[in-house]
There are 2 protein chains.
Amino acid sequence: MKKVGVAILGLGVVGGGTYKILTEHREFYKKNHGVDIIVEGVLEKNRERAISLGIDEGKIASNIAEICSNSDIDIVVEAMGGIEPAKAFVLAALNSGKSVVTSNKELFCKYSYELEKVAKKNCCGLYYEATCVGGVPVIRALLDNLQGNEILSLTGIINGTTNYILSKMADCGASYGDVLKEAQKLGYAEADPTSDVEGYDSVYKLSILSSICFHTKVPYTEIYREGITDVDIVDIRYGKQLGYALKLLAIGKNGDNGIEVRVHPALIKSSHPLASVDDSYNAVYITGDGVENVMLYGRGAGALPTGSAIVGDIIYCATHNGNNYSTFINTEKADPAVKFIKNFESEYYLRLSVKDKAGVLTKITSHFSKHSISISQVIQEKSENGQVPLIILTHTTSECEVKKTVDELNALGVADVVSIIRVIS
Amino acid sequence: MKKVGVAILGLGVVGGGTYKILTEHREFYKKNHGVDIIVEGVLEKNRERAISLGIDEGKIASNIAEICSNSDIDIVVEAMGGIEPAKAFVLAALNSGKSVVTSNKELFCKYSYELEKVAKKNCCGLYYEATCVGGVPVIRALLDNLQGNEILSLTGIINGTTNYILSKMADCGASYGDVLKEAQKLGYAEADPTSDVEGYDSVYKLSILSSICFHTKVPYTEIYREGITDVDIVDIRYGKQLGYALKLLAIGKNGDNGIEVRVHPALIKSSHPLASVDDSYNAVYITGDGVENVMLYGRGAGALPTGSAIVGDIIYCATHNGNNYSTFINTEKADPAVKFIKNFESEYYLRLSVKDKAGVLTKITSHFSKHSISISQVIQEKSENGQVPLIILTHTTSECEVKKTVDELNALGVADVVSIIRVIS
C-alpha cells in the first residue's frame with residue numbers, strides 16, 4: 001500500500017484538529033482510500049502541547065530544515081497563520097519537493113502568486129481549500145464543479161466569529177460589547193478580535209474566492225471593508241421588524257462595468273437562504289449563468305471542520321498526481337484592464353433621529369428626491385423627548401448619492417443620520 | 001491550445017442545455033481554462049430538434065458507431081436517460097477509448113460496476129456528477145472534499161418535481177392532484193410523473209450518494225420507498241401549525257448496527273436548514289465526524305443547472321488525466337458483511353379520526369404505553385359530526401412498534417389512523 005508521510009507546522013486549533021483526524025482515521029483511509037497516511041513530523045514551538053497530543057518526541061522537529069530534509073515526508077501542512085515565518089517555511093517545503101496544504105488565508109491571499117510559482121517550479125502541489133470557510137467545500141466546487149459557469153456573483157457569510165456575535169445580538173437583544181465579551185469567554189472570539197470583527201478575515205477570504213470566481217487577481221486592497229464594531233442593536237431590531245436579518249456579508253460581483261468587492265454589515269431579506277445562517281455557521285451563495293443559485297453551508301471554522309478541509313486536500317494530493325491542482329490566480333497583480341467599481345449600487349436602510357416639528361418629513365424626503373433616490377418604505381416612530389426615530393428604506397441607488405444626501409440631511413440642523421446600512425432584498 | 005471534441009447523445013432538456021452552454025462559452029473556456037472544447041457530433045433521433053438548436057447537419061450522426069469511430073471526439077456525453085440503448089452506447093464509447101460523462105442516474109445506479117470496469121479497462125474517465133441533484137456540487141464534494149470524514153448521515157431533498165408540488169400545496173392549500181396538474185402544465189412534472197412522485201428518482205440518487213458516503217455498494221433495492229401521491233393537504237396544514245414542513249426526504253445513515261436507507265415524506269422541523277428548501281430547489285445535508293454539518297443547495301434539475309454539472313465534468317476531464325476520477329462503488333453487489341436496517345427508528349406524527357366518546361383518549365394512549373411509545377405532543381380538535389381529529393406526535397420509537405400500535409388502534413372500533421408520517425426534529 002502507498003505510504004504518504006505528512007508533517008504539520010503549528011499545532012494550534014487547526015493543526016491539532018488535523019493531527020487528531022489523521023491519526024484516528026488511519027485505518028479508515030487505508031481501507032477506503034488505499035493509502036497509509038502517517039504523521040511523520042511536527043513543528044511546534046510549544047513542545048508540551050505536542051507531547052500532550054500524544055506525539056512521539058522523536059517526531060517533534062527542532063526547525064524547518066529537519067522537516068525539509070526528512071525523506072519520509074511527502075506533504076507539509078502549514079497551520080501556523082500569519083505571514084512570517086509561515087511564508088519562509090512553505091517556500092522551504094516546496095523548494096525541497098514537498099507538496100503543501102495550507103489553511104493560511106492571509107498568506108495565500110497576499111502571496112499566492114509567489115507560492116504557486118515555486119510550487120510549479122518544483123512540480124509540487126499547493127492546496128488551499130482550508131483557507132476559505134473551514135469545512136465548507138467551496139474552493140473545489142468553484143474550480144471543479146462550477147467552472148463551466150460565468151460566475152455573476154458570490155455573497156457569503158464567511159466569518160464565524162462575527163456571525164456568532166450578530167446572531168446572539170439578534171436573539172438576546174444584547175449589545176455588541178456584551179456579546180463580544182461572552183464570545184471571548186466561550187472561545188468563539190480571540191482575545192484580540194480585530195481581524196474578525198473589523199472584517200479583515202472576510203476580506204482575505206473574499207480576495208481568494210473572487211479571484212477564482214472572476215478569473216483574475218482580485219487584490220485584497222481593492223476590497224471595501226467595514227466591520228461590525230459599530231453595529232447597534234437598535235438597527236438589528238428595526239431590521240427584524242421590517243423582515244431582514246443583519247449579517248456581515250462578503251460580496252463579489254462581476255458585471256459589464258467591472259468587478260465590485262466589498263465586506264460590510266448588511267440587512268438581508270429573511271426569505272433569502274443566507275438570512276437563516278446563524279451562530280458560527282457560514283455559507284456562500286453563488287450565482288452562475290448556468291447553474292443559477294447554489295449555496296454551500298457549514299462550519300466556517302473550528303478544529304475538526306477546518307481539519308476536515310485540510311485532510312481532504314491531503315488525501316486528494318496523496319491519491320492524485322501531486323501537482324494537478326491548478327488555480328486561476330495566475331498573475332501577481334490585478335489585470336490593468338479590469339475595473340474595480342467603487343461607487344457601487346445598493347438598497348439602503350437609514351435611521352435618523354429627527355426633531356419633532358411640522359414639515360420636517362417633507363424637508364427630509366425632498367433631499368432624497370433631489371438625488372433621485374426613490375424611497376420604498378418609511379417608519380416614523382412616536383416622539384421621544386422631542387426626537388422622532390425615523391427609518392427610511394430606499395430602492396436601489398448609488399452609494400455616492402446616498403452619501404451626498406446624508407451630508408445634506410446632517411447639515412439641515414433638524415435631523416441626525418444615526419445609521420446607514422446596505423440592504424439586500 | 002489543446003482541442004477537445006465532445007459528442008452529445010440525446011438532445012432533450014439536459015443534452016440541449018449542455019450543447020447551449022458549451023457553444024456559448026467556447027471562447028470563455030479557451031481564455032480561462034486553456035482548452036478549446038468543440039461539439040464534434042450529436043446523436044439524436046429527432047433530426048429537426050438538432051437542427052433547430054443550430055447544429056451543423058454534418059455533425060448529426062446516424063448511429064453510435066459513427067460517434068465511436070470519429071477520432072475528433074474525445075468525450076461522449078450521455079444525456080438520453082433510461083437503460084437501453086443508453087447502456088449499450090456508453091459501453092461502445094468506452095470501448096472505443098472515449099471518456100464518458102453521464103447524467104443518467106438510473107443507468108449509473110444499476111450498472112456502475114459494469115461501466116466502471118469497462119472504463120478502467122480502456123483507461124477512460126467515467127464522470128457522473130450530473131446523475132445526482134443537478135447543478136449542486138455534491139458528488140465531487142463527497143469524493144474530493146469530505147473524504148477525510150466518516151459520513152454519519154445524509155438527508156436530502158433530491159427531487160425537484162416533488163419538492164415543487166409539496167411547496168405549492170403548502171403555499172396555496174391546494175390538493176396533490178390539483179398541484180400535479182398545474183406542475184405538468186408548467187413543465188415541472190412529466191406527463192407520466194411516476195418516477196418522480198413515487199420516489200424512484202430519489203431512490204436511484206440515494207443509492208449513488210449513499211454508496212459514496214458509506215464506501216460500500218448500497219443497491220437501490222435495499223432502499224425503503226414511499227412516494228407523495230397519498231400526501232394529504234390536511235397533514236401539511238397540521239404540520240405547519242406544529243412547526244414542521246412536509247418534504248420528500250432521502251435519508252441515508254451509517255451506524256454501529258448497519259446502514260439505513262429510505263425515501264419517504266417526512267415532517268421536518270422548520271428550524272432545520274432543509275425545511276426552507278422550497279419550490280424546485282434541492283439540497284443535501286451531510287453530517288461527517290469531522291466537518292459536522294454541511295448543506296449543499298441549488299437547482300436539482302433543469303437544462304442549464306444539470307448542463308452546468310455535465311460541463312463541469314467535461315472541463316475536468318479535458319484538463320486532468322482522463323481516468324483519475326475514482327469512485328468508491330467498486331463492487332457489483334452489497335458487501336455481505338453490511339447489514340441494512342429495515343426496522344428503523346424515528347419520531348412519528350399520527351392523525352386519527354376518533355369517535356367523540358368519554359374515555360377514548362385514555363384508551364388510545366394506553367396502546368402507545370403498551371408498546372413503550374412515548375408521546376411528545378397531542379392536539380385534539382373540536383368534534384366534527386361526532387368525529388374528533390386527533391394528532392399525536394411521538395418521541396423516537398421503532399417503526400415496527402408504531403405499526404403494531406396502529407393495527408391495534410384500528411381494531412378498537414373507535415379510532416381510524418388516517419395518516420402516519422415520520423418526523424425529523
# chains A, B, ... in the order shown; residues from 1 in each chain; ligands from 1
>>> interface_residues(of="chain B", to="chain A", cutoff="8 Å", atoms="only C-alpha atoms", output="PDB file with C-alpha atoms, in the first residue's frame")
ATOM      1  CA  ILE B  21     -23.512  26.042 -22.509  1.00  0.00           C
ATOM      2  CA  HIS B  25     -18.865  29.531 -23.612  1.00  0.00           C
ATOM      3  CA  TYR B  29     -13.179  28.226 -21.793  1.00  0.00           C
ATOM      4  CA  ASN B  32      -9.936  30.749 -18.701  1.00  0.00           C
ATOM      5  CA  GLY B 135     -26.104  21.647 -10.562  1.00  0.00           C
ATOM      6  CA  VAL B 136     -25.497  21.102  -6.840  1.00  0.00           C
ATOM      7  CA  PRO B 137     -21.858  20.093  -6.369  1.00  0.00           C
ATOM      8  CA  ARG B 140     -17.245  15.713  -6.045  1.00  0.00           C
ATOM      9  CA  ALA B 141     -17.714  17.313  -2.608  1.00  0.00           C
ATOM     10  CA  ASP B 144     -12.683  15.182  -3.013  1.00  0.00           C
ATOM     11  CA  ASN B 145     -13.602  17.432  -0.069  1.00  0.00           C
ATOM     12  CA  LEU B 146     -15.297  15.396   2.635  1.00  0.00           C
ATOM     13  CA  GLN B 147     -13.462  12.121   2.012  1.00  0.00           C
ATOM     14  CA  GLY B 148     -11.478  12.542   5.232  1.00  0.00           C
ATOM     15  CA  ASN B 149     -14.705  12.156   7.190  1.00  0.00           C
ATOM     16  CA  HIS B 215     -17.891   3.211   0.995  1.00  0.00           C
ATOM     17  CA  PRO B 273     -31.953  24.198   7.112  1.00  0.00           C
ATOM     18  CA  SER B 276     -36.833  26.157   3.913  1.00  0.00           C
ATOM     19  CA  GLY B 290     -15.027  15.951  11.396  1.00  0.00           C
ATOM     20  CA  VAL B 291     -16.862  18.524   9.326  1.00  0.00           C
ATOM     21  CA  GLU B 292     -20.072  18.347  11.391  1.00  0.00           C
ATOM     22  CA  ASN B 293     -22.996  19.548   9.232  1.00  0.00           C
ATOM     23  CA  VAL B 294     -22.684  20.684   5.639  1.00  0.00           C
ATOM     24  CA  MET B 295     -25.559  21.622   3.352  1.00  0.00           C
ATOM     25  CA  LEU B 296     -25.260  21.884  -0.421  1.00  0.00           C
ATOM     26  CA  TYR B 297     -28.199  23.700  -2.006  1.00  0.00           C
ATOM     27  CA  GLY B 298     -29.247  24.579  -5.528  1.00  0.00           C
ATOM     28  CA  ARG B 299     -31.257  23.642  -8.595  1.00  0.00           C
ATOM     29  CA  LEU B 304     -28.721  24.716 -17.579  1.00  0.00           C
ATOM     30  CA  PRO B 305     -28.181  23.602 -13.948  1.00  0.00           C
ATOM     31  CA  THR B 306     -27.771  19.960 -14.969  1.00  0.00           C
ATOM     32  CA  GLY B 307     -25.855  21.120 -18.050  1.00  0.00           C
ATOM     33  CA  SER B 308     -23.548  23.005 -15.657  1.00  0.00           C
ATOM     34  CA  ALA B 309     -22.738  19.737 -13.849  1.00  0.00           C
ATOM     35  CA  VAL B 311     -19.858  20.753 -18.432  1.00  0.00           C
ATOM     36  CA  GLY B 312     -18.017  20.793 -15.100  1.00  0.00           C
ATOM     37  CA  ASP B 313     -17.189  17.123 -15.669  1.00  0.00           C
ATOM     38  CA  ILE B 315     -13.774  20.540 -18.353  1.00  0.00           C
ATOM     39  CA  TYR B 316     -12.395  18.446 -15.502  1.00  0.00           C
ATOM     40  CA  HIS B 320      -6.910  16.484 -15.940  1.00  0.00           C
ATOM     41  CA  ASN B 324      -8.340   9.751 -12.440  1.00  0.00           C
ATOM     42  CA  PHE B 328     -15.799   4.101  -4.128  1.00  0.00           C
TER      43      PHE B 328
END
>>> residues_around(residues="Lys342 in chain B", least_positions_apart="2", cutoff="12 Å", atoms="only C-alpha atoms", output="PDB file with all heavy atoms, in the first residue's frame")
ATOM      1  N   GLU B 222     -32.369  -2.067  -1.808  1.00  0.00           N
ATOM      2  CA  GLU B 222     -32.364  -2.080  -0.325  1.00  0.00           C
ATOM      3  C   GLU B 222     -33.047  -0.845   0.254  1.00  0.00           C
ATOM      4  O   GLU B 222     -33.190  -0.720   1.471  1.00  0.00           O
ATOM      5  CB  GLU B 222     -30.913  -2.128   0.202  1.00  0.00           C
ATOM      6  CG  GLU B 222     -30.146  -3.395  -0.121  1.00  0.00           C
ATOM      7  CD  GLU B 222     -30.632  -4.600   0.684  1.00  0.00           C
ATOM      8  OE1 GLU B 222     -31.458  -4.428   1.605  1.00  0.00           O
ATOM      9  OE2 GLU B 222     -30.195  -5.711   0.349  1.00  0.00           O
ATOM     10  N   ILE B 223     -33.419   0.088  -0.617  1.00  0.00           N
ATOM     11  CA  ILE B 223     -33.935   1.371  -0.124  1.00  0.00           C
ATOM     12  C   ILE B 223     -35.449   1.320   0.058  1.00  0.00           C
ATOM     13  O   ILE B 223     -36.184   0.979  -0.870  1.00  0.00           O
ATOM     14  CB  ILE B 223     -33.539   2.518  -1.088  1.00  0.00           C
ATOM     15  CG1 ILE B 223     -32.004   2.616  -1.180  1.00  0.00           C
ATOM     16  CG2 ILE B 223     -34.139   3.846  -0.647  1.00  0.00           C
ATOM     17  CD1 ILE B 223     -31.478   3.628  -2.178  1.00  0.00           C
ATOM     18  N   TYR B 224     -35.888   1.631   1.252  1.00  0.00           N
ATOM     19  CA  TYR B 224     -37.323   1.734   1.525  1.00  0.00           C
ATOM     20  C   TYR B 224     -37.872   2.927   0.748  1.00  0.00           C
ATOM     21  O   TYR B 224     -37.266   3.992   0.736  1.00  0.00           O
ATOM     22  CB  TYR B 224     -37.554   1.918   3.029  1.00  0.00           C
ATOM     23  CG  TYR B 224     -38.999   2.179   3.377  1.00  0.00           C
ATOM     24  CD1 TYR B 224     -39.892   1.118   3.572  1.00  0.00           C
ATOM     25  CD2 TYR B 224     -39.489   3.479   3.470  1.00  0.00           C
ATOM     26  CE1 TYR B 224     -41.220   1.364   3.863  1.00  0.00           C
ATOM     27  CE2 TYR B 224     -40.815   3.733   3.756  1.00  0.00           C
ATOM     28  CZ  TYR B 224     -41.685   2.667   3.952  1.00  0.00           C
ATOM     29  OH  TYR B 224     -42.999   2.914   4.225  1.00  0.00           O
ATOM     30  N   ARG B 225     -39.010   2.745   0.107  1.00  0.00           N
ATOM     31  CA  ARG B 225     -39.535   3.798  -0.765  1.00  0.00           C
ATOM     32  C   ARG B 225     -41.019   4.043  -0.548  1.00  0.00           C
ATOM     33  O   ARG B 225     -41.808   3.122  -0.488  1.00  0.00           O
ATOM     34  CB  ARG B 225     -39.301   3.422  -2.229  1.00  0.00           C
ATOM     35  CG  ARG B 225     -39.818   4.450  -3.240  1.00  0.00           C
ATOM     36  CD  ARG B 225     -39.784   3.906  -4.652  1.00  0.00           C
ATOM     37  NE  ARG B 225     -40.512   2.637  -4.753  1.00  0.00           N
ATOM     38  CZ  ARG B 225     -41.836   2.540  -4.774  1.00  0.00           C
ATOM     39  NH1 ARG B 225     -42.602   3.609  -4.724  1.00  0.00           N
ATOM     40  NH2 ARG B 225     -42.411   1.353  -4.834  1.00  0.00           N
ATOM     41  N   LYS B 253     -28.191   6.589   6.585  1.00  0.00           N
ATOM     42  CA  LYS B 253     -27.470   6.667   7.868  1.00  0.00           C
ATOM     43  C   LYS B 253     -26.548   5.482   7.967  1.00  0.00           C
ATOM     44  O   LYS B 253     -26.882   4.381   7.514  1.00  0.00           O
ATOM     45  CB  LYS B 253     -28.460   6.603   9.034  1.00  0.00           C
ATOM     46  CG  LYS B 253     -29.297   7.820   9.214  1.00  0.00           C
ATOM     47  CD  LYS B 253     -30.144   7.669  10.487  1.00  0.00           C
ATOM     48  CE  LYS B 253     -31.112   8.831  10.614  1.00  0.00           C
ATOM     49  NZ  LYS B 253     -31.950   8.697  11.821  1.00  0.00           N
ATOM     50  N   ASN B 257     -25.090  -0.457  13.946  1.00  0.00           N
ATOM     51  CA  ASN B 257     -25.941  -1.608  13.633  1.00  0.00           C
ATOM     52  C   ASN B 257     -26.116  -1.854  12.140  1.00  0.00           C
ATOM     53  O   ASN B 257     -26.726  -2.839  11.745  1.00  0.00           O
ATOM     54  CB  ASN B 257     -27.318  -1.432  14.274  1.00  0.00           C
ATOM     55  CG  ASN B 257     -27.214  -1.327  15.775  1.00  0.00           C
ATOM     56  OD1 ASN B 257     -26.387  -2.008  16.383  1.00  0.00           O
ATOM     57  ND2 ASN B 257     -28.021  -0.468  16.372  1.00  0.00           N
ATOM     58  N   GLY B 258     -25.623  -0.925  11.335  1.00  0.00           N
ATOM     59  CA  GLY B 258     -25.745  -1.123   9.899  1.00  0.00           C
ATOM     60  C   GLY B 258     -26.132   0.150   9.185  1.00  0.00           C
ATOM     61  O   GLY B 258     -26.069   1.241   9.762  1.00  0.00           O
ATOM     62  N   ILE B 259     -26.531  -0.027   7.936  1.00  0.00           N
ATOM     63  CA  ILE B 259     -26.891   1.108   7.087  1.00  0.00           C
ATOM     64  C   ILE B 259     -28.409   1.167   6.948  1.00  0.00           C
ATOM     65  O   ILE B 259     -29.069   0.130   6.807  1.00  0.00           O
ATOM     66  CB  ILE B 259     -26.223   0.963   5.706  1.00  0.00           C
ATOM     67  CG1 ILE B 259     -24.716   1.205   5.831  1.00  0.00           C
ATOM     68  CG2 ILE B 259     -26.827   1.925   4.687  1.00  0.00           C
ATOM     69  CD1 ILE B 259     -23.929   0.922   4.566  1.00  0.00           C
ATOM     70  N   GLU B 260     -28.915   2.392   6.981  1.00  0.00           N
ATOM     71  CA  GLU B 260     -30.357   2.597   6.886  1.00  0.00           C
ATOM     72  C   GLU B 260     -30.581   3.548   5.724  1.00  0.00           C
ATOM     73  O   GLU B 260     -29.980   4.623   5.693  1.00  0.00           O
ATOM     74  CB  GLU B 260     -30.755   3.241   8.207  1.00  0.00           C
ATOM     75  CG  GLU B 260     -32.202   3.365   8.474  1.00  0.00           C
ATOM     76  CD  GLU B 260     -32.405   4.060   9.827  1.00  0.00           C
ATOM     77  OE1 GLU B 260     -31.739   3.681  10.821  1.00  0.00           O
ATOM     78  OE2 GLU B 260     -33.195   4.995   9.856  1.00  0.00           O
ATOM     79  N   VAL B 261     -31.389   3.139   4.752  1.00  0.00           N
ATOM     80  CA  VAL B 261     -31.616   3.994   3.580  1.00  0.00           C
ATOM     81  C   VAL B 261     -33.101   4.017   3.253  1.00  0.00           C
ATOM     82  O   VAL B 261     -33.726   2.970   3.096  1.00  0.00           O
ATOM     83  CB  VAL B 261     -30.811   3.514   2.343  1.00  0.00           C
ATOM     84  CG1 VAL B 261     -29.445   4.175   2.296  1.00  0.00           C
ATOM     85  CG2 VAL B 261     -30.657   1.998   2.285  1.00  0.00           C
ATOM     86  N   ARG B 262     -33.647   5.205   3.129  1.00  0.00           N
ATOM     87  CA  ARG B 262     -35.086   5.300   2.906  1.00  0.00           C
ATOM     88  C   ARG B 262     -35.477   6.603   2.233  1.00  0.00           C
ATOM     89  O   ARG B 262     -34.831   7.630   2.423  1.00  0.00           O
ATOM     90  CB  ARG B 262     -35.831   5.132   4.224  1.00  0.00           C
ATOM     91  CG  ARG B 262     -35.245   5.927   5.385  1.00  0.00           C
ATOM     92  CD  ARG B 262     -35.853   5.458   6.709  1.00  0.00           C
ATOM     93  NE  ARG B 262     -35.153   5.936   7.865  1.00  0.00           N
ATOM     94  CZ  ARG B 262     -35.579   6.910   8.698  1.00  0.00           C
ATOM     95  NH1 ARG B 262     -36.726   7.521   8.465  1.00  0.00           N
ATOM     96  NH2 ARG B 262     -34.869   7.267   9.743  1.00  0.00           N
ATOM     97  N   LYS B 339     -25.014  -4.846   7.070  1.00  0.00           N
ATOM     98  CA  LYS B 339     -26.421  -5.094   7.369  1.00  0.00           C
ATOM     99  C   LYS B 339     -27.238  -3.864   6.997  1.00  0.00           C
ATOM    100  O   LYS B 339     -26.833  -2.738   7.287  1.00  0.00           O
ATOM    101  CB  LYS B 339     -26.565  -5.365   8.878  1.00  0.00           C
ATOM    102  CG  LYS B 339     -27.628  -6.406   9.202  1.00  0.00           C
ATOM    103  CD  LYS B 339     -27.828  -6.563  10.693  1.00  0.00           C
ATOM    104  CE  LYS B 339     -29.276  -6.292  11.042  1.00  0.00           C
ATOM    105  NZ  LYS B 339     -29.487  -6.009  12.464  1.00  0.00           N
ATOM    106  N   PHE B 340     -28.348  -4.074   6.319  1.00  0.00           N
ATOM    107  CA  PHE B 340     -29.258  -2.978   6.030  1.00  0.00           C
ATOM    108  C   PHE B 340     -30.417  -3.033   7.022  1.00  0.00           C
ATOM    109  O   PHE B 340     -31.114  -4.047   7.109  1.00  0.00           O
ATOM    110  CB  PHE B 340     -29.755  -3.052   4.588  1.00  0.00           C
ATOM    111  CG  PHE B 340     -28.689  -2.723   3.592  1.00  0.00           C
ATOM    112  CD1 PHE B 340     -27.958  -3.731   2.964  1.00  0.00           C
ATOM    113  CD2 PHE B 340     -28.375  -1.402   3.304  1.00  0.00           C
ATOM    114  CE1 PHE B 340     -26.942  -3.427   2.065  1.00  0.00           C
ATOM    115  CE2 PHE B 340     -27.360  -1.092   2.402  1.00  0.00           C
ATOM    116  CZ  PHE B 340     -26.643  -2.102   1.787  1.00  0.00           C
ATOM    117  N   PHE B 344     -36.336   0.725  11.142  1.00  0.00           N
ATOM    118  CA  PHE B 344     -35.629   1.921  11.588  1.00  0.00           C
ATOM    119  C   PHE B 344     -36.410   2.670  12.661  1.00  0.00           C
ATOM    120  O   PHE B 344     -37.584   2.394  12.905  1.00  0.00           O
ATOM    121  CB  PHE B 344     -35.304   2.821  10.402  1.00  0.00           C
ATOM    122  CG  PHE B 344     -36.460   3.156   9.520  1.00  0.00           C
ATOM    123  CD1 PHE B 344     -37.310   4.195   9.838  1.00  0.00           C
ATOM    124  CD2 PHE B 344     -36.691   2.439   8.359  1.00  0.00           C
ATOM    125  CE1 PHE B 344     -38.379   4.519   9.024  1.00  0.00           C
ATOM    126  CE2 PHE B 344     -37.759   2.754   7.534  1.00  0.00           C
ATOM    127  CZ  PHE B 344     -38.607   3.792   7.871  1.00  0.00           C
ATOM    128  N   GLU B 345     -35.736   3.601  13.274  1.00  0.00           N
ATOM    129  CA  GLU B 345     -36.344   4.389  14.343  1.00  0.00           C
ATOM    130  C   GLU B 345     -36.575   5.816  13.894  1.00  0.00           C
ATOM    131  O   GLU B 345     -35.818   6.354  13.088  1.00  0.00           O
ATOM    132  CB  GLU B 345     -35.435   4.389  15.567  1.00  0.00           C
ATOM    133  CG  GLU B 345     -35.224   2.997  16.128  1.00  0.00           C
ATOM    134  CD  GLU B 345     -34.849   3.013  17.594  1.00  0.00           C
ATOM    135  OE1 GLU B 345     -34.110   3.935  17.990  1.00  0.00           O
ATOM    136  OE2 GLU B 345     -35.325   2.126  18.338  1.00  0.00           O
ATOM    137  N   SER B 398     -39.524   2.713  17.388  1.00  0.00           N
ATOM    138  CA  SER B 398     -39.246   1.917  16.191  1.00  0.00           C
ATOM    139  C   SER B 398     -40.490   1.827  15.316  1.00  0.00           C
ATOM    140  O   SER B 398     -41.617   1.781  15.804  1.00  0.00           O
ATOM    141  CB  SER B 398     -38.750   0.528  16.578  1.00  0.00           C
ATOM    142  OG  SER B 398     -39.850  -0.289  16.874  1.00  0.00           O
ATOM    143  N   GLU B 399     -40.240   1.805  14.017  1.00  0.00           N
ATOM    144  CA  GLU B 399     -41.299   1.701  13.006  1.00  0.00           C
ATOM    145  C   GLU B 399     -42.208   0.514  13.312  1.00  0.00           C
ATOM    146  O   GLU B 399     -43.435   0.590  13.198  1.00  0.00           O
ATOM    147  CB  GLU B 399     -40.625   1.513  11.637  1.00  0.00           C
ATOM    148  CG  GLU B 399     -41.546   1.385  10.465  1.00  0.00           C
ATOM    149  CD  GLU B 399     -41.727   2.674   9.673  1.00  0.00           C
ATOM    150  OE1 GLU B 399     -41.165   3.728  10.062  1.00  0.00           O
ATOM    151  OE2 GLU B 399     -42.460   2.631   8.679  1.00  0.00           O
ATOM    152  N   CYS B 400     -41.606  -0.561  13.718  1.00  0.00           N
ATOM    153  CA  CYS B 400     -42.322  -1.806  13.963  1.00  0.00           C
ATOM    154  C   CYS B 400     -43.324  -1.661  15.115  1.00  0.00           C
ATOM    155  O   CYS B 400     -44.475  -2.095  15.013  1.00  0.00           O
ATOM    156  CB  CYS B 400     -41.265  -2.871  14.227  1.00  0.00           C
ATOM    157  SG  CYS B 400     -41.836  -4.306  15.053  1.00  0.00           S
TER     158      CYS B 400
END
>>> select_by_dssp(residues="range 127-311 of chain B", states="helix (DSSP H, G or I)", output="compact mmCIF listing (two decimals) with C-alpha atoms, in the first residue's frame")
# COMPACT_ATOMS: atom_id res chain seq x y z
CA GLU B 129 -21.69 14.42 -11.12
CA ALA B 130 -24.85 15.20 -13.11
CA THR B 131 -26.60 11.99 -12.04
CA ILE B 139 -20.61 14.02 -5.69
CA ARG B 140 -17.25 15.71 -6.05
CA ALA B 141 -17.71 17.31 -2.61
CA LEU B 142 -18.10 13.83 -1.13
CA LEU B 143 -15.21 12.35 -3.14
CA ASP B 144 -12.68 15.18 -3.01
CA ASN B 145 -13.60 17.43 -0.07
CA GLY B 160 -37.29 18.89 -7.85
CA THR B 161 -40.75 17.83 -9.06
CA THR B 162 -41.95 16.54 -5.71
CA ASN B 163 -40.46 19.47 -3.82
CA TYR B 164 -42.24 21.84 -6.18
CA ILE B 165 -45.54 20.01 -5.64
CA LEU B 166 -45.23 19.85 -1.84
CA SER B 167 -44.15 23.53 -1.63
CA LYS B 168 -47.12 24.63 -3.73
CA MET B 169 -49.51 22.51 -1.66
CA ALA B 170 -48.17 24.18 1.50
CA ASP B 171 -48.33 27.68 -0.01
CA CYS B 172 -51.77 27.50 -1.64
CA TYR B 176 -51.95 16.93 -4.52
CA GLY B 177 -53.96 16.23 -7.68
CA ASP B 178 -54.58 19.89 -8.48
CA VAL B 179 -50.97 20.92 -7.96
CA LEU B 180 -49.69 17.98 -10.01
CA LYS B 181 -51.86 19.08 -12.95
CA GLU B 182 -50.52 22.63 -12.68
CA ALA B 183 -46.95 21.34 -12.41
CA GLN B 184 -47.44 19.27 -15.56
CA LYS B 185 -48.76 22.32 -17.39
CA LEU B 186 -45.70 24.36 -16.33
CA THR B 194 -44.44 8.09 -11.71
CA SER B 195 -40.65 8.08 -11.42
CA ASP B 196 -40.68 11.39 -9.54
CA VAL B 197 -43.83 11.24 -7.42
CA TYR B 200 -37.96 6.09 -7.78
CA ASP B 201 -35.86 9.02 -8.97
CA SER B 202 -34.86 9.82 -5.38
CA VAL B 203 -34.11 6.14 -4.74
CA TYR B 204 -31.62 5.98 -7.65
CA LYS B 205 -29.87 9.12 -6.48
CA LEU B 206 -29.81 7.97 -2.85
CA SER B 207 -28.30 4.67 -3.95
CA ILE B 208 -25.44 6.51 -5.68
CA LEU B 209 -24.91 9.06 -2.91
CA SER B 210 -25.05 6.62 -0.02
CA SER B 211 -22.71 4.21 -1.80
CA ILE B 212 -20.16 7.01 -1.97
CA CYS B 213 -20.84 8.16 1.60
CA PHE B 214 -20.62 4.74 3.18
CA TYR B 220 -31.35 0.63 -4.83
CA THR B 221 -33.36 -2.47 -3.99
CA GLU B 222 -32.36 -2.08 -0.33
CA ILE B 233 -53.05 18.74 2.48
CA VAL B 234 -54.63 18.36 5.94
CA ASP B 235 -51.37 16.93 7.29
CA ILE B 236 -49.29 19.68 5.68
CA ARG B 237 -51.54 22.16 7.49
CA TYR B 238 -51.28 20.43 10.87
CA GLY B 239 -47.54 20.07 10.34
CA LYS B 240 -47.21 23.80 9.73
CA GLN B 241 -49.21 24.52 12.88
CA LEU B 242 -46.80 22.31 14.85
CA PRO B 273 -31.95 24.20 7.11
CA LEU B 274 -33.71 21.68 4.83
CA ALA B 275 -37.17 22.92 5.87
CA SER B 276 -36.83 26.16 3.91
CA ALA B 303 -31.42 22.29 -18.71
CA LEU B 304 -28.72 24.72 -17.58
CA PRO B 305 -28.18 23.60 -13.95
CA THR B 306 -27.77 19.96 -14.97
CA GLY B 307 -25.85 21.12 -18.05
CA SER B 308 -23.55 23.00 -15.66
CA ALA B 309 -22.74 19.74 -13.85
CA ILE B 310 -22.07 17.95 -17.15
CA VAL B 311 -19.86 20.75 -18.43
>>> residues_around(residues="range 355-365 of chain A", least_positions_apart="3", cutoff="12 Å", atoms="only C-alpha atoms", output="PyMOL selection string")
chain A and resi 350+352+368-394+405-417
>>> select_by_dssp(residues="range 82-234 of chain B", states="strand (DSSP E or B)", output="NGL selection string")
:B and (99-102 or 126-127 or 151-157 or 224-225)
>>> closest_residue(among="A:Glu78, A:Glu84, A:Asp232, A:Glu40", to="Gly5 in chain A", atoms="only C-alpha atoms")
A:Glu40
>>> residues_around(residues="Leu249 in chain B", least_positions_apart="2", cutoff="8 Å", atoms="only C-alpha atoms", output="number ranges by chain")
B: 155-158, 247, 251, 263-266
